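A.B. asks: Following this line is input_33.csv, made up of CSV, C-alpha atoms:
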```csv
chain,number,residue,atom,x,y,z
L,1,MET,CA,0.0,0.0,0.0
L,2,VAL,CA,1.1,3.6,-0.7
L,3,SER,CA,-0.6,6.9,-0.2
L,4,ASP,CA,-1.7,8.2,-3.6
L,5,THR,CA,1.0,10.9,-3.7
L,6,PHE,CA,3.5,8.1,-4.1
L,7,VAL,CA,1.8,6.0,-6.9
L,8,GLY,CA,4.6,7.1,-9.3
L,9,ASN,CA,7.2,5.9,-6.8
L,10,ALA,CA,5.5,2.6,-6.4
L,11,LYS,CA,5.3,2.1,-10.2
L,12,SER,CA,8.9,3.0,-10.6
L,13,MET,CA,10.1,0.7,-7.9
L,14,ALA,CA,7.9,-2.1,-9.3
L,15,LYS,CA,9.5,-1.6,-12.7
L,16,LEU,CA,13.0,-1.6,-11.2
L,17,GLY,CA,12.2,-4.8,-9.3
L,18,GLY,CA,11.3,-6.5,-12.6
L,19,ILE,CA,7.6,-6.7,-11.8
L,20,PRO,CA,6.1,-3.7,-13.6
L,21,ASP,CA,2.5,-4.8,-13.1
L,22,TYR,CA,3.0,-5.5,-9.3
L,23,PRO,CA,-0.4,-4.8,-7.8
L,24,PHE,CA,-0.7,-2.3,-5.0
L,25,ILE,CA,-3.3,-0.1,-3.3
L,26,ALA,CA,-3.3,3.7,-3.3
L,27,LEU,CA,-4.8,5.2,-0.1
L,28,PRO,CA,-5.8,8.8,0.0
L,29,HIS,CA,-2.9,11.0,1.2
L,30,PRO,CA,-2.1,11.8,4.0
L,31,VAL,CA,-2.1,8.8,6.2
L,32,SER,CA,0.5,9.6,8.9
L,33,SER,CA,-1.6,12.4,10.5
L,34,LEU,CA,-4.9,10.4,10.7
L,35,SER,CA,-6.5,9.9,14.0
L,36,LYS,CA,-7.2,6.3,15.2
L,37,GLY,CA,-10.9,6.7,14.2
L,38,GLU,CA,-9.9,7.9,10.8
L,39,ILE,CA,-7.5,5.0,10.3
L,40,ASP,CA,-10.3,2.6,11.4
L,41,SER,CA,-12.6,4.0,8.8
L,42,LEU,CA,-9.8,3.7,6.2
L,43,VAL,CA,-9.3,0.1,7.1
L,44,GLU,CA,-13.0,-0.6,6.8
L,45,ARG,CA,-13.1,1.0,3.5
L,46,PHE,CA,-10.1,-0.7,1.9
L,47,LEU,CA,-10.1,-4.1,3.7
L,48,PRO,CA,-12.1,-5.9,0.9
L,49,ARG,CA,-9.6,-4.5,-1.6
L,50,ILE,CA,-6.6,-5.6,0.5
L,51,LEU,CA,-8.0,-9.1,0.9
L,52,GLY,CA,-8.7,-9.3,-2.8
L,53,LEU,CA,-5.2,-8.3,-3.6
L,54,LEU,CA,-3.8,-10.9,-1.2
L,55,VAL,CA,-5.7,-13.8,-2.8
L,56,ALA,CA,-5.6,-12.5,-6.4
L,57,LYS,CA,-4.1,-15.0,-8.8
L,58,SER,CA,-2.8,-12.4,-11.2
L,59,PRO,CA,-2.2,-8.6,-11.5
L,60,VAL,CA,-5.1,-8.4,-13.9
L,61,GLU,CA,-7.4,-10.0,-11.3
L,62,ALA,CA,-6.0,-7.7,-8.7
L,63,GLY,CA,-7.1,-4.7,-10.7
L,64,LYS,CA,-5.7,-1.1,-10.8
L,65,PRO,CA,-4.5,0.6,-7.6
U,1,MET,CA,45.0,8.2,-22.4
U,2,THR,CA,43.1,5.1,-21.3
U,3,THR,CA,41.8,3.0,-24.1
U,4,LYS,CA,39.5,0.8,-22.0
U,5,PRO,CA,36.0,0.8,-23.5
U,6,LEU,CA,33.4,3.1,-22.1
U,7,ALA,CA,30.0,1.5,-21.5
U,8,SER,CA,27.8,4.6,-21.7
U,9,ARG,CA,25.7,5.4,-24.8
U,10,GLN,CA,27.3,8.1,-27.0
U,11,TYR,CA,25.5,10.8,-28.9
U,12,THR,CA,27.1,12.8,-31.8
U,13,ILE,CA,26.3,16.5,-31.5
U,14,GLU,CA,28.5,19.0,-33.3
U,15,ASP,CA,27.4,22.3,-31.7
U,16,PRO,CA,28.5,22.7,-28.0
U,17,TYR,CA,25.5,24.8,-27.2
U,18,GLU,CA,23.1,22.3,-28.7
U,19,ALA,CA,24.9,19.7,-26.6
U,20,ILE,CA,24.1,21.7,-23.5
U,21,GLU,CA,20.5,22.0,-24.6
U,22,PHE,CA,20.4,18.3,-25.3
U,23,CYS,CA,21.4,17.5,-21.8
U,24,HIS,CA,18.6,19.7,-20.5
U,25,ARG,CA,16.1,17.9,-22.8
U,26,MET,CA,17.3,14.5,-21.6
U,27,GLY,CA,16.6,15.5,-17.9
U,28,TRP,CA,20.3,15.1,-17.0
U,29,THR,CA,20.7,18.5,-15.3
U,30,ASP,CA,19.9,20.1,-11.9
U,31,GLY,CA,18.3,22.9,-13.8
U,32,LEU,CA,21.6,24.7,-14.5
U,33,PRO,CA,23.6,24.1,-17.7
U,34,VAL,CA,26.0,21.3,-17.6
U,35,ILE,CA,29.4,20.7,-19.3
U,36,PRO,CA,28.7,18.2,-22.1
U,37,PRO,CA,30.7,15.1,-21.1
U,38,THR,CA,32.8,14.3,-24.2
U,39,GLU,CA,34.6,11.0,-24.4
U,40,GLU,CA,38.0,12.9,-24.4
U,41,ARG,CA,37.1,14.8,-21.2
U,42,VAL,CA,35.8,11.7,-19.4
U,43,ARG,CA,39.0,9.8,-20.3
U,44,GLN,CA,41.1,12.7,-19.0
U,45,PHE,CA,39.3,12.3,-15.6
U,46,LEU,CA,39.8,8.5,-15.6
U,47,ASP,CA,43.5,8.9,-16.4
U,48,TYR,CA,43.9,11.4,-13.6
U,49,ALA,CA,42.3,9.1,-11.1
U,50,GLY,CA,44.1,6.1,-12.4
U,51,ARG,CA,40.9,4.1,-12.4
U,52,SER,CA,39.3,1.8,-14.8
U,53,PRO,CA,35.9,3.0,-16.1
U,54,SER,CA,34.3,-0.3,-15.2
U,55,ASP,CA,35.4,-0.3,-11.6
U,56,VAL,CA,32.4,-0.4,-9.3
U,57,ILE,CA,32.4,2.4,-6.7
U,58,GLY,CA,29.3,1.1,-4.9
U,59,VAL,CA,25.8,-0.2,-5.3
U,60,GLU,CA,22.8,1.8,-4.2
U,61,PRO,CA,21.1,-1.2,-2.6
U,62,THR,CA,17.4,-0.4,-2.7
U,63,LYS,CA,17.2,0.2,-6.4
U,64,GLY,CA,20.2,-2.1,-7.2
U,65,LYS,CA,21.9,0.7,-9.1
U,66,VAL,CA,25.5,-0.1,-9.8
U,67,ILE,CA,27.7,3.0,-9.7
U,68,THR,CA,30.8,2.7,-11.8
U,69,VAL,CA,33.8,5.0,-12.0
U,70,GLU,CA,32.8,5.9,-15.6
U,71,LYS,CA,29.4,7.1,-14.5
U,72,VAL,CA,30.8,9.2,-11.6
U,73,ALA,CA,33.4,10.7,-14.0
U,74,ILE,CA,30.8,11.6,-16.5
U,75,ASN,CA,28.7,13.4,-13.9
U,76,ALA,CA,31.8,15.1,-12.5
U,77,VAL,CA,32.6,16.5,-15.9
U,78,MET,CA,29.0,17.6,-16.3
U,79,ALA,CA,29.1,19.3,-12.9
U,80,GLY,CA,32.1,21.4,-14.0
U,81,CYS,CA,34.7,19.6,-11.9
U,82,LEU,CA,38.4,19.6,-12.8
U,83,ALA,CA,40.0,16.2,-13.1
U,84,GLU,CA,41.8,16.6,-9.8
U,85,TYR,CA,38.4,16.8,-8.0
U,86,LEU,CA,37.5,13.3,-9.1
U,87,PRO,CA,39.2,11.4,-6.2
U,88,VAL,CA,37.1,13.4,-3.7
U,89,VAL,CA,33.9,12.8,-5.7
U,90,LEU,CA,34.7,9.0,-6.0
U,91,ALA,CA,35.3,8.8,-2.2
U,92,ALA,CA,32.1,10.7,-1.4
U,93,VAL,CA,30.1,8.4,-3.7
U,94,GLU,CA,31.6,5.4,-2.1
U,95,ALA,CA,30.6,6.8,1.2
U,96,MET,CA,27.0,7.5,0.0
U,97,ALA,CA,26.6,4.0,-1.3
U,98,ARG,CA,27.3,2.4,2.1
U,99,ASP,CA,24.2,0.7,3.5
U,100,SER,CA,24.3,2.7,6.7
U,101,PHE,CA,23.9,6.0,4.8
U,102,ASN,CA,20.6,4.8,3.3
U,103,LEU,CA,21.0,6.8,0.1
U,104,HIS,CA,17.7,5.8,-1.5
U,105,ALA,CA,15.6,6.8,1.5
U,106,ILE,CA,17.3,10.1,2.0
U,107,SER,CA,17.1,11.0,-1.7
U,108,VAL,CA,13.4,10.3,-2.2
U,109,SER,CA,12.0,11.3,1.2
U,110,THR,CA,9.6,14.1,1.8
U,111,ALA,CA,12.0,15.5,4.4
U,112,GLY,CA,14.2,16.7,1.5
U,113,ALA,CA,17.7,16.1,2.8
U,114,ALA,CA,20.7,16.9,0.7
U,115,VAL,CA,24.2,15.3,0.9
U,116,LEU,CA,26.5,17.5,2.9
U,117,ALA,CA,30.1,16.6,2.0
U,118,VAL,CA,32.9,17.8,4.4
U,119,VAL,CA,36.4,17.4,3.2
U,120,ASN,CA,39.4,17.1,5.5
U,121,GLY,CA,43.2,16.9,5.0
U,122,PRO,CA,45.7,18.2,2.5
U,123,ILE,CA,43.5,17.6,-0.5
U,124,ALA,CA,41.2,20.4,0.7
U,125,ARG,CA,44.1,22.8,0.6
U,126,ASP,CA,45.5,21.4,-2.7
U,127,LEU,CA,42.2,21.9,-4.5
U,128,GLY,CA,41.7,25.4,-3.1
U,129,MET,CA,38.5,24.4,-1.3
U,130,ASN,CA,36.7,27.0,0.8
U,131,ALA,CA,36.5,26.5,4.6
U,132,ALA,CA,36.1,30.1,5.4
U,133,VAL,CA,34.1,33.2,4.2
U,134,SER,CA,30.7,32.5,2.8
U,135,LEU,CA,31.2,28.8,3.7
U,136,PHE,CA,27.9,27.6,2.3
U,137,GLY,CA,27.6,30.2,-0.4
U,138,ALA,CA,28.5,30.4,-4.1
U,139,GLY,CA,32.0,31.1,-5.4
U,140,PRO,CA,34.8,28.6,-5.0
U,141,ARG,CA,34.8,26.1,-7.9
U,142,PRO,CA,35.8,22.9,-6.0
U,143,ASN,CA,33.0,23.4,-3.3
U,144,ALA,CA,30.4,24.1,-6.0
U,145,CYS,CA,31.3,21.4,-8.4
U,146,ILE,CA,32.1,18.5,-6.1
U,147,GLY,CA,28.8,19.0,-4.3
U,148,ARG,CA,27.0,19.4,-7.7
U,149,ALA,CA,28.6,16.2,-9.0
U,150,LEU,CA,27.2,14.2,-6.0
U,151,ARG,CA,23.7,15.5,-6.8
U,152,LEU,CA,24.0,14.7,-10.5
U,153,VAL,CA,25.1,11.1,-9.6
U,154,ILE,CA,22.1,10.8,-7.3
U,155,MET,CA,19.8,12.0,-10.1
U,156,ASN,CA,21.4,10.5,-13.2
U,157,VAL,CA,22.9,7.2,-11.8
U,158,THR,CA,20.6,6.2,-9.0
U,159,GLY,CA,17.5,7.7,-10.6
U,160,ALA,CA,16.3,9.9,-7.8
U,161,ARG,CA,15.0,12.8,-9.8
U,162,PRO,CA,12.7,15.5,-8.4
U,163,GLY,CA,9.0,14.9,-8.9
U,164,GLU,CA,9.7,11.3,-10.0
U,165,LEU,CA,11.2,9.3,-7.2
U,166,ASP,CA,12.4,12.4,-5.2
U,167,LYS,CA,9.2,13.5,-3.4
U,168,ALA,CA,10.8,16.2,-1.2
U,169,THR,CA,8.1,18.6,0.1
U,170,LEU,CA,10.5,21.5,0.1
U,171,GLY,CA,14.0,20.3,-0.3
U,172,HIS,CA,16.6,23.0,0.2
U,173,PRO,CA,19.3,24.8,-1.8
U,174,GLY,CA,21.9,22.2,-0.6
U,175,LYS,CA,20.4,19.9,-3.2
U,176,TYR,CA,22.3,22.0,-5.8
U,177,SER,CA,25.6,21.7,-3.9
U,178,TYR,CA,26.5,21.3,-0.3
U,179,CYS,CA,30.2,20.8,0.1
U,180,ILE,CA,32.7,22.5,2.4
U,181,ALA,CA,36.1,21.9,3.9
U,182,GLU,CA,36.8,22.0,7.6
U,183,ARG,CA,39.0,24.9,8.7
U,184,GLU,CA,41.5,22.7,10.4
U,185,GLU,CA,44.2,25.4,11.0
U,186,ALA,CA,41.7,27.5,12.9
U,187,SER,CA,40.7,24.7,15.3
U,188,PRO,CA,42.4,23.7,18.6
U,189,TRP,CA,40.8,20.3,18.3
U,190,GLU,CA,41.4,17.2,16.2
U,191,PRO,CA,39.7,17.5,12.8
U,192,LEU,CA,36.7,15.4,11.9
U,193,HIS,CA,38.4,12.7,10.0
U,194,VAL,CA,41.0,12.2,12.8
U,195,GLU,CA,38.2,12.1,15.4
U,196,ARG,CA,36.8,9.3,13.2
U,197,GLY,CA,39.9,7.2,13.2
U,198,LEU,CA,41.7,8.3,10.1
U,199,PRO,CA,45.4,9.5,10.1
U,200,ARG,CA,45.9,13.2,10.5
U,201,GLY,CA,48.2,13.5,7.4
U,202,GLY,CA,45.6,11.9,5.2
U,203,SER,CA,42.6,13.3,3.4
U,204,ALA,CA,39.0,12.2,3.8
U,205,VAL,CA,35.5,13.1,2.9
U,206,SER,CA,32.5,12.7,5.2
U,207,VAL,CA,28.9,12.6,3.9
U,208,PHE,CA,25.8,13.6,5.9
U,209,ALA,CA,22.1,13.3,5.0
U,210,ALA,CA,21.7,16.9,5.9
U,211,LEU,CA,18.8,19.3,6.3
U,212,SER,CA,19.3,23.0,5.7
U,213,PRO,CA,21.7,24.9,8.1
U,214,TRP,CA,20.0,26.8,10.9
U,215,GLN,CA,22.1,29.8,11.8
U,216,PHE,CA,22.6,30.8,15.4
U,217,SER,CA,23.8,34.4,15.6
U,218,ASN,CA,25.3,36.1,18.6
U,219,SER,CA,28.2,38.6,18.0
U,220,THR,CA,28.0,40.3,21.4
U,221,ALA,CA,28.3,37.5,23.9
U,222,SER,CA,31.8,36.7,25.1
U,223,SER,CA,30.8,34.0,27.6
U,224,PRO,CA,31.4,30.5,26.3
U,225,GLU,CA,28.5,29.2,28.3
U,226,VAL,CA,26.1,31.8,26.8
U,227,ILE,CA,27.2,31.0,23.3
U,228,LEU,CA,26.9,27.3,23.7
U,229,SER,CA,23.6,27.6,25.5
U,230,GLY,CA,22.3,29.6,22.6
U,231,ILE,CA,23.5,26.9,20.3
U,232,ALA,CA,21.8,24.3,22.5
U,233,ASP,CA,18.6,26.4,22.4
U,234,THR,CA,18.6,26.6,18.6
U,235,MET,CA,18.9,22.9,18.4
U,236,LYS,CA,15.6,22.3,20.2
U,237,GLY,CA,13.8,23.1,17.0
U,238,ILE,CA,15.1,19.8,15.5
U,239,GLY,CA,13.4,17.5,18.0
U,240,PRO,CA,14.4,15.0,20.7
U,241,GLN,CA,16.8,12.0,20.7
U,242,GLN,CA,18.7,12.7,17.6
U,243,GLY,CA,21.4,10.2,16.7
U,244,GLU,CA,23.4,13.0,15.1
U,245,VAL,CA,23.4,16.7,14.8
U,246,VAL,CA,26.1,18.8,13.1
U,247,LEU,CA,27.4,22.0,14.6
U,248,VAL,CA,29.5,24.2,12.3
U,249,MET,CA,31.3,26.4,14.7
U,250,SER,CA,32.5,29.8,13.4
U,251,PRO,CA,35.9,31.1,14.3
U,252,GLU,CA,34.5,34.0,16.2
U,253,HIS,CA,32.4,31.8,18.5
U,254,LEU,CA,35.4,29.4,18.8
U,255,PHE,CA,37.5,32.4,19.9
U,256,HIS,CA,35.4,32.7,23.1
U,257,ILE,CA,34.9,29.0,23.6
U,258,ARG,CA,38.5,28.1,23.5
U,259,LYS,CA,39.1,30.3,26.5
U,260,THR,CA,37.6,27.5,28.5
U,261,GLY,CA,40.3,25.2,27.4
U,262,TRP,CA,37.6,22.6,26.8
U,263,SER,CA,38.2,19.7,24.6
U,264,LYS,CA,35.7,18.9,21.8
U,265,GLY,CA,34.2,16.3,24.1
U,266,GLN,CA,33.6,18.7,26.9
U,267,VAL,CA,31.9,21.1,24.5
U,268,LYS,CA,29.6,18.2,23.4
U,269,GLU,CA,28.9,17.3,27.1
U,270,PHE,CA,27.8,20.9,27.8
U,271,VAL,CA,25.6,21.2,24.8
U,272,PHE,CA,24.1,17.8,25.5
U,273,ARG,CA,23.1,18.9,29.0
U,274,LYS,CA,21.7,22.2,27.9
U,275,ALA,CA,19.7,21.0,24.9
U,276,GLN,CA,16.9,19.5,27.0
U,277,ARG,CA,13.1,19.9,27.2
U,278,THR,CA,10.5,18.1,29.2
U,279,VAL,CA,8.6,15.3,27.5
U,280,HIS,CA,5.5,17.4,27.9
U,281,GLU,CA,7.1,20.3,26.0
U,282,TRP,CA,8.2,18.0,23.2
U,283,ILE,CA,4.6,16.7,22.9
U,284,GLU,CA,3.1,20.2,23.0
U,285,THR,CA,5.3,21.3,20.2
U,286,GLY,CA,4.5,18.3,18.0
U,287,LYS,CA,7.9,16.8,18.3
U,288,LEU,CA,6.7,13.7,20.1
U,289,ASP,CA,3.3,12.0,19.8
U,290,ASP,CA,3.2,10.2,23.2
U,291,VAL,CA,5.2,9.9,26.4
U,292,PRO,CA,8.0,7.4,25.6
U,293,ALA,CA,8.0,4.1,27.4
U,294,GLY,CA,9.7,4.4,30.8
U,295,LYS,CA,9.3,8.2,30.9
U,296,ARG,CA,7.0,10.6,32.6
U,297,ALA,CA,5.6,13.9,31.2
U,298,ASP,CA,7.8,16.0,33.4
U,299,ASP,CA,11.1,14.1,32.7
U,300,MET,CA,13.7,15.9,30.7
U,301,LEU,CA,14.6,14.5,27.3
U,302,GLY,CA,17.5,15.8,25.3
U,303,VAL,CA,17.9,16.8,21.7
U,304,LEU,CA,20.9,14.5,21.6
U,305,ARG,CA,20.8,10.9,22.4
U,306,GLU,CA,24.3,11.2,23.9
U,307,PRO,CA,27.0,13.9,23.9
U,308,ARG,CA,28.8,12.2,21.0
U,309,SER,CA,25.7,12.6,18.9
U,310,LEU,CA,26.9,16.1,18.3
U,311,THR,CA,29.4,16.4,15.4
U,312,VAL,CA,31.5,19.5,15.7
U,313,ILE,CA,33.2,21.0,12.7
U,314,VAL,CA,35.1,24.3,12.7
U,315,ALA,CA,34.5,26.4,9.6
U,316,GLY,CA,33.4,29.8,8.4
U,317,GLY,CA,34.7,33.3,7.9
U,318,ASP,CA,36.8,35.2,10.6
U,319,ALA,CA,34.2,37.8,11.2
U,320,GLY,CA,30.7,37.3,12.6
U,321,GLY,CA,29.4,35.3,15.6
U,322,ASN,CA,27.4,33.0,13.3
U,323,SER,CA,27.5,29.3,13.7
U,324,ALA,CA,25.1,26.7,12.2
U,325,ILE,CA,23.2,23.7,13.4
U,326,ILE,CA,22.4,21.1,10.8
U,327,GLY,CA,19.8,18.4,11.5
U,328,ILE,CA,20.2,15.0,10.0
U,329,TRP,CA,17.5,13.1,8.1
U,330,GLY,CA,15.7,10.4,10.0
U,331,GLY,CA,16.7,11.7,13.4
U,332,GLY,CA,20.3,10.9,12.6
U,333,THR,CA,19.6,7.2,13.2
U,334,ASN,CA,18.0,6.0,10.0
U,335,SER,CA,20.9,7.5,8.0
U,336,ARG,CA,24.4,7.5,9.5
U,337,SER,CA,27.1,9.8,8.3
U,338,VAL,CA,30.1,8.0,6.7
U,339,THR,CA,33.7,9.1,6.5
U,340,VAL,CA,35.9,7.6,3.7
U,341,GLU,CA,39.6,8.2,3.0
U,342,VAL,CA,40.3,10.1,-0.3
U,343,ARG,CA,42.9,8.1,-2.3
U,344,ARG,CA,44.9,9.9,-4.9
```
Could you render the structure as structure tokens?

C.D. replies:
Amino acid sequence: MVSDTFVGNAKSMAKLGGIPDYPFIALPHPVSSLSKGEIDSLVERFLPRILGLLVAKSPVEAGKP
Amino acid sequence: MTTKPLASRQYTIEDPYEAIEFCHRMGWTDGLPVIPPTEERVRQFLDYAGRSPSDVIGVEPTKGKVITVEKVAINAVMAGCLAEYLPVVLAAVEAMARDSFNLHAISVSTAGAAVLAVVNGPIARDLGMNAAVSLFGAGPRPNACIGRALRLVIMNVTGARPGELDKATLGHPGKYSYCIAEREEASPWEPLHVERGLPRGGSAVSVFAALSPWQFSNSTASSPEVILSGIADTMKGIGPQQGEVVLVMSPEHLFHIRKTGWSKGQVKEFVFRKAQRTVHEWIETGKLDDVPAGKRADDMLGVLREPRSLTVIVAGGDAGGNSAIIGIWGGGTNSRSVTVEVRR
């Protein structure tokens, strides 16, 4: 997972690592200053996507960030 | 002239001004014009340093970027270096590539650190490096170009370009060039490289993942305790428990402090004790989120983890009670400064 400001970085690092279509999730930036409640809401919102990414059999199945 | 093959792609451009523009279009510059790196010029640099172009100086581990002598020489030419600067540039790049320096992280971080290079030993004098007036300012060619070469290597060889991988919120002007020499003849203490275990007669370069300098000014105090307390107070803006902070002490401040007869270690002890705030104050000013384990809100907590967390360098012009505090990226723990011998 990255915050959406760093999507470019994630794609660059994936390409450098030889896995250009490595699937990842882009969370709304910023994350580090969120309260516990806001983080809980973020988790609730993205958990299905996170779980889907973990069990996806391919980057295509994982979908876009 | 060395005849060993160069690995870099070559472009044929007749007009030198067009070659300069080409480098801009290719994204190879820091925004300023570069010297087009011709094969002849690069080979002159390689010959001076007595190095093979394919020698590996280091590997930036996170991105797996191999840094060869050829690539460093190319960027040193582009930066406007003379061939005799190359040994310093090579040593600094070797230092930057050490795992403990964490080059990738410091180059892409929002915190926007730059690489401060501090040169010690005879080579600083031989190259005409500036350790005095307008220390961090424009002017002397070796300071400007050695520092610039390091930035071009970071951008062009390791790929940390602004807006792409480099996500610094602000950055600072040191990202153009941030290179000084220590003013060893003005100091009663052992120079930085000797303090770090290298021989006094040798030359060395130290690299720091450095934030911008914070100037502490006091030209009226003559009490060493007042001056050092002012320095300690200035440091509080950095935050608690730093693994390293750099103090660039000006000769005018040193003039008063040396009256104490204190060693460098004793100066560090004094500043360590003075640069303290309560845990509550650190939290109130957003420098800590919570009370650390084992501490109470009214406990004192220092800027420095320990006295030797303060790195003291003597430099600057003769006039003016102006010293500088420089914070280090990642609290001075996630990136550690590295000192490497300069071989020539």

A.B. asks: I need the contact residues of chain U against chain L, so if you could list those with any atom within 9 Å, counting all atoms listed in the file, and return them as a list in words, that would help.

C.D. replies: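 Selected residues: Lys63, Gly64, Val108, Gly163, Glu164, Leu165, Asp166 and Lys167 of chain U.
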
A.B. asks: Just checking: using only C-alpha atoms, which residue out of L:Pro28, L:Pro23, L:Gly18, L:Gly37 ends up closest to Leu54 of chain L?

C.D. replies: L:Pro23

A.B. asks: Identify, on the basis of all atoms listed in the file, every residue whose closest approach to Glu18 of chain U does not exceed 12 Å; exclude the query and any residue fewer than 5 positions from it along the same chain; express the result as a PDB file with C-alpha atoms, in the frame of the given file.

C.D. replies:
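out.pdb, freshly written:
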```
ATOM      1  CA  TYR U  11      25.500  10.800 -28.900  1.00  0.00           C
ATOM      2  CA  THR U  12      27.100  12.800 -31.800  1.00  0.00           C
ATOM      3  CA  ILE U  13      26.300  16.500 -31.500  1.00  0.00           C
ATOM      4  CA  CYS U  23      21.400  17.500 -21.800  1.00  0.00           C
ATOM      5  CA  HIS U  24      18.600  19.700 -20.500  1.00  0.00           C
ATOM      6  CA  ARG U  25      16.100  17.900 -22.800  1.00  0.00           C
ATOM      7  CA  PRO U  33      23.600  24.100 -17.700  1.00  0.00           C
ATOM      8  CA  VAL U  34      26.000  21.300 -17.600  1.00  0.00           C
ATOM      9  CA  ILE U  35      29.400  20.700 -19.300  1.00  0.00           C
ATOM     10  CA  PRO U  36      28.700  18.200 -22.100  1.00  0.00           C
TER      11      PRO U  36
END
```

A.B. asks: I'd like the interatomic distance between atom CA of Gly316 of chain U and atom CA of Thr339 of chain U, to a tenth of an Å.

C.D. replies: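 Atom-to-atom, atom CA of Gly316 of chain U and atom CA of Thr339 of chain U are spaced 20.8 Å apart.
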
A.B. asks: By how many Å are atom CA of Ile67 of chain U and atom CA of Cys179 of chain U apart?

C.D. replies: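 Going from atom CA of Ile67 of chain U over to atom CA of Cys179 of chain U, I get 20.5 Å.
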
A.B. asks: Quick one: residues within 12 Å of Ser8 of chain U, all atoms listed in the file, excluding same-chain residues fewer than 5 positions away - as a list of chain:residue names?

C.D. replies: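 Using all atoms listed in the file, the neighbours found are U:Pro37, U:Thr38, U:Glu39, U:Val42, U:Pro53, U:Ser54, U:Thr68, U:Val69, U:Glu70, U:Lys71, U:Val72, U:Ala73, U:Ile74, U:Asn75, U:Val157.
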
A.B. asks: Residues within 9 Å of Met249 of chain U, please, as an MDAnalysis selection string. Count all atoms listed in the file; anything in the same chain fewer than 4 positions from it doesn't count.

C.D. replies: chainID U and resid 253:254 312:316 322:325

A.B. asks: Keeping only C-alpha atoms, write those residues as a short mmCIF file (atom, residue, chain, number, x, y, z; two decimals), in the coordinates of the input.

C.D. replies:
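Result file follows (again25.cif):
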```cif
data_model
loop_
_atom_site.label_atom_id
_atom_site.label_comp_id
_atom_site.auth_asym_id
_atom_site.auth_seq_id
_atom_site.Cartn_x
_atom_site.Cartn_y
_atom_site.Cartn_z
CA HIS U 253 32.40 31.80 18.50
CA LEU U 254 35.40 29.40 18.80
CA VAL U 312 31.50 19.50 15.70
CA ILE U 313 33.20 21.00 12.70
CA VAL U 314 35.10 24.30 12.70
CA ALA U 315 34.50 26.40 9.60
CA GLY U 316 33.40 29.80 8.40
CA ASN U 322 27.40 33.00 13.30
CA SER U 323 27.50 29.30 13.70
CA ALA U 324 25.10 26.70 12.20
CA ILE U 325 23.20 23.70 13.40
#
```

A.B. asks: Rank U:Val153, U:Leu86, U:Ile257, U:Leu46 by their smallest atom-to-atom distance to Glu60 of chain U, using all atoms listed in the file, and report the top residue only.

C.D. replies: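 So, comparing all the options, the nearest one is U:Val153.
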
A.B. asks: Please, what distance in Å, to one decimal, runs between atom CA of Glu281 of chain U and atom CA of Thr234 of chain U?

C.D. replies: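 Those two atoms sit 15.1 Å apart.
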
A.B. asks: Pick from U:Val194, U:Ile283, U:Asp30, U:Ser250: nearest to Ser177 of chain U, with all atoms listed in the file counted?

C.D. replies: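 Result for the nearest residue to Ser177 of chain U: U:Asp30.
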
A.B. asks: From the options U:Leu198, U:Ala114, U:Leu304, U:Val207, which residue's atoms come nearest to Ala232 of chain U, counting all atoms listed in the file?

C.D. replies: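 Smallest separation from Ala232 of chain U among the options: U:Leu304.
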
A.B. asks: Using all atoms listed in the file, give me every residue within 9 Å of (19.2, 19.2, 1.8) in file coordinates, as a ChimeraX atom specification.

C.D. replies: /U:111-116,171-178,209-213,329

A.B. asks: With all atoms listed in the file as the counted atoms, please give the residues lying no more than 9 Å from Ser337 of chain U, apart from itself and same-chain residues fewer than 4 positions off, as a VMD selection string.

C.D. replies: chain U and resid 95 to 96 100 to 101 206 to 209 244 328 332

A.B. asks: From the set U:Glu84, U:Glu225, U:Glu195, U:Glu252, which residue has the shortest atom-to-atom contact distance to Met129 of chain U, counting all atoms listed in the file?

C.D. replies: U:Glu84

A.B. asks: Tell me which of L:Ile19, L:Val55, L:Val2, L:Val60 sits closest to Ser32 of chain L, counting all atoms listed in the file.

C.D. replies: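 The answer is L:Val2, which sits nearest to Ser32 of chain L.
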
A.B. asks: May I have the residues within 9 Å of Glu182 of chain U as number ranges by chain, using only C-alpha atoms and disregarding those fewer than 4 positions away in the same chain?

C.D. replies: U: 118-121, 124, 130-132, 191-192, 248, 313-316
